[in-house]
Amino acid sequence: MKAIIMAGGFGTRLRPLTINLPKPMVPLMNKPMMEHIVNLLKEHDMFDQTSLLFFQPDAITSYFGDGSAFGVRMQYTRAEADYGTAGSVRNATEQHGIKERILIISGDVLTDFDLSQALAFHEQKKAKATIILTRVKNPLQFGVVITEEDGRIARFLEKPSWGEVFSDTINTGIYILEPEAFERIPYRREFDFSKDLFPLLLEENAGLYGYIASGYWRDIGNLIEYHEAHLDALGGRVRIQASGSRRENAMVEEGAELDGVEFYGQNVIGKNVKIAHGTKVINSVIGDSSVISGGAMIEEAVLWDNINVGELAHINHAVICSHCSIGSEAKIHHHVFMGERCQVGEKAEIMANVKLWPQKQIDSGSILHTSLVLEDRWSKELFTNSRISGASNIEITPEFTAKVGAALGALVGMGQYVVISRDSDPGSRVISRALTSGLMSAGINVRDLEQSPIPLTRHDLLNGRQAAGVHIRKNPYEKRRSDLIFFDSDGKDLTTTKGKTIERYFFGEDFPRAPYDKVGTIEFPVRTGEAYRKNFLKSIDTEVLSKAKLRIVIDYAFGITSTIFPNILGTLGVEVVSLNGYLEPTKLTRAKEEFKRSTEQLKNIVTSLSYDVGFILDAGGERISVVDENGEFHHNQNLLTLVTKFFLESRKLEGQQVKKIAIPISASSEVEVVAISYGVEVVYTKNSHAAMMVSSNKANVGFVGGTRGGFIFPDYFFAVDGMYAATKLLEMMARTQIKIGDIAKDLPRRVQAHRQAFCPQDHLGTVMRRAMEHTKSMDRILVDGIRFSPISGNSAWVLIIPEKERPYCEILTDADSKETAEVLAEEYSAQVYEWRKNV
């Protein structure tokens, strides 16, 4: 029998412990939680183990390797998509060719169940599926299960209300499945054990049993559970392995130096720990390489590795993560949970129930009563490029936004004008009003465009009246996040220098407030859409477009463009079918599945009506996706190649020679092949809108294309505009009299592969330095990250680039075959790990 370990958990409820660590790797008794599960499986002769990974997978694979160091055979399956609990297991069985009985267990629970007895029950009943059950005092947060006398499951309730608690017997998330059971799980589809598979087996009376196990089981679902799990382990209430040799009241690992330490209860002391004379340690766990100075008291506490505790400090019922420093005579009270690399000064006191996110600093002598979680979210910088992003109404709060407005006001100066626009999301309205309040309090006059797409806001700034602009939107990819996008007085993205100035005012809180008679005003301009429309049509050949009488379908994605674009299209002689052409704030963010359904709908409509083309405009009006007359979908990289080809062919027919085009360094080599065929030079940019705008101003650059559906036509405007890009593509179709499908079939074909390699930010510099050393003899381009050609005489390339907002390196490869691209991606993902490992 093979075992499958569910090890993809984010551990959100265990934050701050899991900020930089996947939940299965959180230490329990100085070992990762998952190691205890691996040992339990091995104890019951389950040596073939497969781990299902999702969040920070490298942390798990680098620790367990092939499993040989732990006496097992370990293999891994990384999530390709969110297939649900059962769907991910089916994905693993297919990937590894598993056709035999399997046991499924979570990698982040603590248990000592006798799995052999559960297996014997399963075999005795000739069950197709057995759920291992246990009894708990409060079953509300678990799936309640009711069984018949023979163990057959009669009823199954997932996360019941109190009115549905018919039993204290709950589902532990440990399952034994025969192939006849797991083969009922659809392959590569979202499917859940509790919501889908078990109800199906119950309905079909297909041999679903429940085995009530005796022994210890705890779902470590929150911080208190995590702390109590340690106390249970120290108290012998759960049978798990602790490393080290037994001393009086302590298990001590090798290299520990204990000078006159007083131990009480039961304790676990890691490798190379140094504890000075006069220290008292009571029912606690102390991680490797920690140093405890004399006279300290560690009471029912969990200290991870590399902790420094000063003289006479007192830590009571707290959890302290790695690399923290606790000053002399500091006091840490009950249920304090401290993230990594925090520093607590001498004689500081942290009161009960406080959480500190990583890298917080508590000054000497201070008393902390409240958690440093959201308050210090912006501890180093506000901006990512020209954007501030955060969780809606949690990080991006009205109070925070008003303060940003005041800081922006300090930058532009009292009496100036700032233009503000937003999407239709109610949260964006709240943020807009808070920003307006902050600006007005600094003496700034606000020009509020209300609901307006980003391109129109940029155009409005060209009138020269405003000193800056801000657009507020719901993040198009994460519905719980909001973005504030900042523009300079010329409509371009706010410069880094000005962003830093805003940050300085924000953190210093030294921005001026306007006197009562100088508080700013607010105006709501009209006719801004009219001015935009006039400039738009001036740069389009309306005559050639009207003669073509093209028929198109447009999906407005419930965005603001639906209030503007129809008036433009009405003058161009095109026949239009509109989809989702109304404002719906709840649908501004589209998940992958929703976007896929939209593209399928667009394909069906375009082909069934025999229309020429279909467009999806993003909700902000900046980017497009395209469906051609054959129902083929063109998006991101492929669309960039397609639009480049159309642009160059159209200019050729007009007799206009294009000298240069600009594209991101990550763009497919297909674009370069197309450009070379027209004798056009390619200029590479960073993969950001700001960099694209800079390139649009360079001499002889006639076109700037992005890899995410955004295009700049410098003859018209310096920024991306989805409405204009769609119209320009229609104009080029009309001028060339070529359909998109005909262009697409003759395009060059390259293949790209992508990987993410986990790399903490304090290791990124070393990793990139070693990448430079590794590639010094190769052809390479240093624009954004390092792009190099590792195979002599082959056009394949690799791009290694650190992520801005997460601890990862992106590895992108480009080759003429999928095999080459994938091999290179795997090779350099492993190489980044090696470079990081040796830091």
# chains A, B, ... in the order shown; residues from 1 in each chain; ligands from 1
>>> select_by_dssp(residues="segment 118-326 of chain A", states="helix (DSSP H, G or I)", output="PyMOL selection string")
chain A and resi 118-125+162-164+179-182+193-203+223-234
>>> select_by_dssp(residues="segment 60-284 of chain A", states="strand (DSSP E or B)", output="VMD selection string")
chain A and resid 73 to 78 102 to 106 109 to 111 129 to 135 144 to 147 152 to 157 169 to 177 208 to 212 217 to 219 245 to 247 250 to 252 257 to 258 262 to 264 267 to 269 274 to 275 280 to 282
>>> residues_around(residues="segment 419-431 of chain A", least_positions_apart="5", cutoff="8 Å", atoms="only C-alpha atoms", output="VMD selection string")
chain A and resid 392 to 393 396 to 398 401 446 to 454 457 461 466 468 to 474 482 559 to 560 583 to 586 588 620
>>> write_last_selection(atoms="N, CA, C and O atoms", output="short mmCIF file (atom, residue, chain, number, x, y, z; two decimals), in the first residue's frame")
data_model
loop_
_atom_site.label_atom_id
_atom_site.label_comp_id
_atom_site.auth_asym_id
_atom_site.auth_seq_id
_atom_site.Cartn_x
_atom_site.Cartn_y
_atom_site.Cartn_z
N SER A 392 -8.05 44.72 0.60
CA SER A 392 -9.09 45.73 0.66
C SER A 392 -9.67 45.84 2.07
O SER A 392 -10.08 44.84 2.66
N ASN A 393 -9.67 47.06 2.57
CA ASN A 393 -10.27 47.38 3.87
C ASN A 393 -9.58 46.69 5.04
O ASN A 393 -10.11 46.68 6.16
N ILE A 396 -5.40 48.24 2.90
CA ILE A 396 -5.81 49.51 2.28
C ILE A 396 -7.07 49.98 2.99
O ILE A 396 -8.19 49.74 2.55
N THR A 397 -6.90 50.61 4.13
CA THR A 397 -8.03 51.09 4.93
C THR A 397 -8.28 52.57 4.63
O THR A 397 -7.42 53.25 4.08
N PRO A 398 -9.45 53.08 5.03
CA PRO A 398 -9.68 54.52 4.86
C PRO A 398 -8.63 55.37 5.58
O PRO A 398 -8.18 56.40 5.05
N THR A 401 -5.42 55.25 3.60
CA THR A 401 -5.50 55.94 2.32
C THR A 401 -5.54 57.45 2.51
O THR A 401 -4.96 58.20 1.72
N VAL A 446 -9.30 68.64 -5.73
CA VAL A 446 -9.48 67.32 -6.34
C VAL A 446 -10.42 67.42 -7.54
O VAL A 446 -11.52 67.98 -7.44
N ARG A 447 -9.97 66.86 -8.64
CA ARG A 447 -10.80 66.75 -9.85
C ARG A 447 -11.23 65.29 -9.94
O ARG A 447 -10.43 64.42 -10.31
N ASP A 448 -12.47 65.02 -9.56
CA ASP A 448 -12.95 63.64 -9.43
C ASP A 448 -13.69 63.21 -10.69
O ASP A 448 -14.80 63.68 -10.98
N LEU A 449 -13.06 62.31 -11.46
CA LEU A 449 -13.69 61.79 -12.67
C LEU A 449 -14.69 60.67 -12.36
O LEU A 449 -15.32 60.14 -13.27
N GLU A 450 -14.77 60.30 -11.08
CA GLU A 450 -15.63 59.20 -10.63
C GLU A 450 -15.28 57.92 -11.40
O GLU A 450 -14.12 57.59 -11.55
N GLN A 451 -16.27 57.21 -11.92
CA GLN A 451 -15.99 55.96 -12.62
C GLN A 451 -15.44 56.27 -14.01
O GLN A 451 -16.12 56.85 -14.85
N SER A 452 -14.18 55.87 -14.21
CA SER A 452 -13.51 56.21 -15.46
C SER A 452 -12.40 55.20 -15.72
O SER A 452 -11.69 54.81 -14.79
N PRO A 453 -12.22 54.76 -16.97
CA PRO A 453 -11.12 53.83 -17.26
C PRO A 453 -9.77 54.53 -17.20
O PRO A 453 -9.67 55.75 -17.35
N ILE A 454 -8.74 53.74 -16.99
CA ILE A 454 -7.40 54.29 -16.83
C ILE A 454 -6.94 55.11 -18.04
O ILE A 454 -6.40 56.21 -17.86
N THR A 457 -8.27 58.60 -17.84
CA THR A 457 -7.63 59.37 -16.76
C THR A 457 -6.29 59.91 -17.22
O THR A 457 -5.94 61.07 -16.95
N LEU A 461 -5.11 64.10 -17.82
CA LEU A 461 -3.94 64.77 -17.24
C LEU A 461 -3.19 65.62 -18.27
O LEU A 461 -2.39 66.49 -17.89
N GLN A 466 -3.51 69.54 -13.79
CA GLN A 466 -3.28 68.72 -12.61
C GLN A 466 -1.80 68.42 -12.39
O GLN A 466 -1.05 68.25 -13.35
N ALA A 468 -0.91 65.70 -10.53
CA ALA A 468 -0.78 64.25 -10.41
C ALA A 468 -2.16 63.63 -10.57
O ALA A 468 -3.18 64.34 -10.61
N GLY A 469 -2.19 62.30 -10.65
CA GLY A 469 -3.46 61.59 -10.75
C GLY A 469 -3.37 60.25 -10.05
O GLY A 469 -2.28 59.69 -9.88
N VAL A 470 -4.53 59.72 -9.64
CA VAL A 470 -4.60 58.41 -9.00
C VAL A 470 -5.84 57.69 -9.51
O VAL A 470 -6.93 58.29 -9.56
N HIS A 471 -5.67 56.44 -9.87
CA HIS A 471 -6.81 55.58 -10.22
C HIS A 471 -6.92 54.47 -9.19
O HIS A 471 -5.91 53.81 -8.87
N ILE A 472 -8.13 54.25 -8.68
CA ILE A 472 -8.36 53.22 -7.66
C ILE A 472 -9.18 52.10 -8.29
O ILE A 472 -10.21 52.38 -8.94
N ARG A 473 -8.74 50.87 -8.08
CA ARG A 473 -9.47 49.74 -8.68
C ARG A 473 -9.39 48.52 -7.78
O ARG A 473 -8.51 48.41 -6.92
N LYS A 474 -10.32 47.61 -8.00
CA LYS A 474 -10.18 46.27 -7.45
C LYS A 474 -9.12 45.55 -8.27
O LYS A 474 -9.11 45.65 -9.51
N SER A 482 -6.97 45.64 -3.39
CA SER A 482 -7.21 46.89 -4.10
C SER A 482 -5.89 47.50 -4.52
O SER A 482 -4.86 47.29 -3.88
N GLY A 559 -16.81 46.20 -17.13
CA GLY A 559 -15.97 47.34 -16.79
C GLY A 559 -16.50 48.66 -17.31
O GLY A 559 -17.52 48.73 -18.03
N ILE A 560 -15.76 49.72 -17.02
CA ILE A 560 -16.21 51.08 -17.32
C ILE A 560 -16.16 51.38 -18.82
O ILE A 560 -16.82 52.30 -19.30
N LEU A 583 -22.12 47.77 -15.83
CA LEU A 583 -21.26 47.80 -14.66
C LEU A 583 -21.76 46.83 -13.61
O LEU A 583 -22.93 46.88 -13.22
N GLU A 584 -20.88 45.94 -13.18
CA GLU A 584 -21.21 44.98 -12.12
C GLU A 584 -19.99 44.86 -11.21
O GLU A 584 -19.05 44.12 -11.51
N PRO A 585 -19.98 45.61 -10.10
CA PRO A 585 -18.79 45.67 -9.24
C PRO A 585 -18.31 44.31 -8.74
O PRO A 585 -17.11 44.13 -8.53
N THR A 586 -19.23 43.36 -8.54
CA THR A 586 -18.83 42.07 -7.97
C THR A 586 -18.09 41.20 -8.97
O THR A 586 -17.56 40.16 -8.59
N LEU A 588 -15.68 42.41 -11.28
CA LEU A 588 -14.52 43.09 -11.88
C LEU A 588 -13.27 42.24 -11.87
O LEU A 588 -12.38 42.41 -12.69
N GLY A 620 -10.36 47.40 -16.53
CA GLY A 620 -9.75 48.73 -16.46
C GLY A 620 -9.58 49.40 -17.80
O GLY A 620 -9.16 50.55 -17.88
#
>>> residues_around(residues="segment 242-255 of chain A", least_positions_apart="5", cutoff="10 Å", atoms="only C-alpha atoms", output="list in words")
Leu28, Met29, Asn30, Lys31, His36, Ala233, Leu234, Glu262, Phe263, Tyr264, Gly265, Gln266, Asn267, Val268, Ile269, Gly270, Lys271, Asn272, Val273, Lys274, Val281, Ile282, Asn283, Ser284, Val285, Ile286, Gly287, Asp288 and Ser289 of chain A
>>> atom_distance(atom1="atom CA of Arg465 of chain A", atom2="atom CA of Ile540 of chain A")
26.9 Å
>>> residues_around(residues="Val418 of chain A", least_positions_apart="3", cutoff="12 Å", atoms="only C-alpha atoms", output="PyMOL selection string")
chain A and resi 405-406+408-415+421+435-436+438-440+442-449+457-458+460-461+464-471+486-491+520-523
>>> residues_around(residues="Gln737 of chain A", least_positions_apart="4", cutoff="9 Å", atoms="only C-alpha atoms", output="number ranges by chain")
A: 548, 732-733
>>> residues_around(residues="Asp618 of chain A", least_positions_apart="3", cutoff="9 Å", atoms="only C-alpha atoms", output="PyMOL selection string")
chain A and resi 476+555-559+561+588+621-625+722
>>> atom_distance(atom1="atom CA of Lys137 of chain A", atom2="atom CA of Glu35 of chain A")
27.3 Å
>>> atom_distance(atom1="atom CA of Cys759 of chain A", atom2="atom CA of Met33 of chain A")
21.7 Å
>>> closest_atom_pairs(of="segment 186-251 of chain A", to="segment 116-128 of chain A", cutoff="12 Å", atoms="only C-alpha atoms", output="CSV")
residue,atom,partner,partner_atom,distance
A:Leu197,CA,A:Lys128,CA,11.8
A:Phe198,CA,A:Lys128,CA,10.9
A:Leu201,CA,A:Lys128,CA,8.9
A:Leu202,CA,A:Lys128,CA,11.1
A:Glu204,CA,A:Lys128,CA,11.7
A:Asn205,CA,A:Lys128,CA,10.2
A:Ala206,CA,A:Lys128,CA,6.8
A:Gly207,CA,A:Ala127,CA,4.9
A:Leu208,CA,A:Lys128,CA,6.2
A:Tyr209,CA,A:Ala127,CA,6.4
A:Gly210,CA,A:His122,CA,8.7
A:Tyr211,CA,A:Ala118,CA,6.4
A:Ile212,CA,A:Ala118,CA,8.4
A:Ala213,CA,A:Ala118,CA,7.2
A:Ser214,CA,A:Gln117,CA,9.9
A:Gly215,CA,A:Gln117,CA,11.6
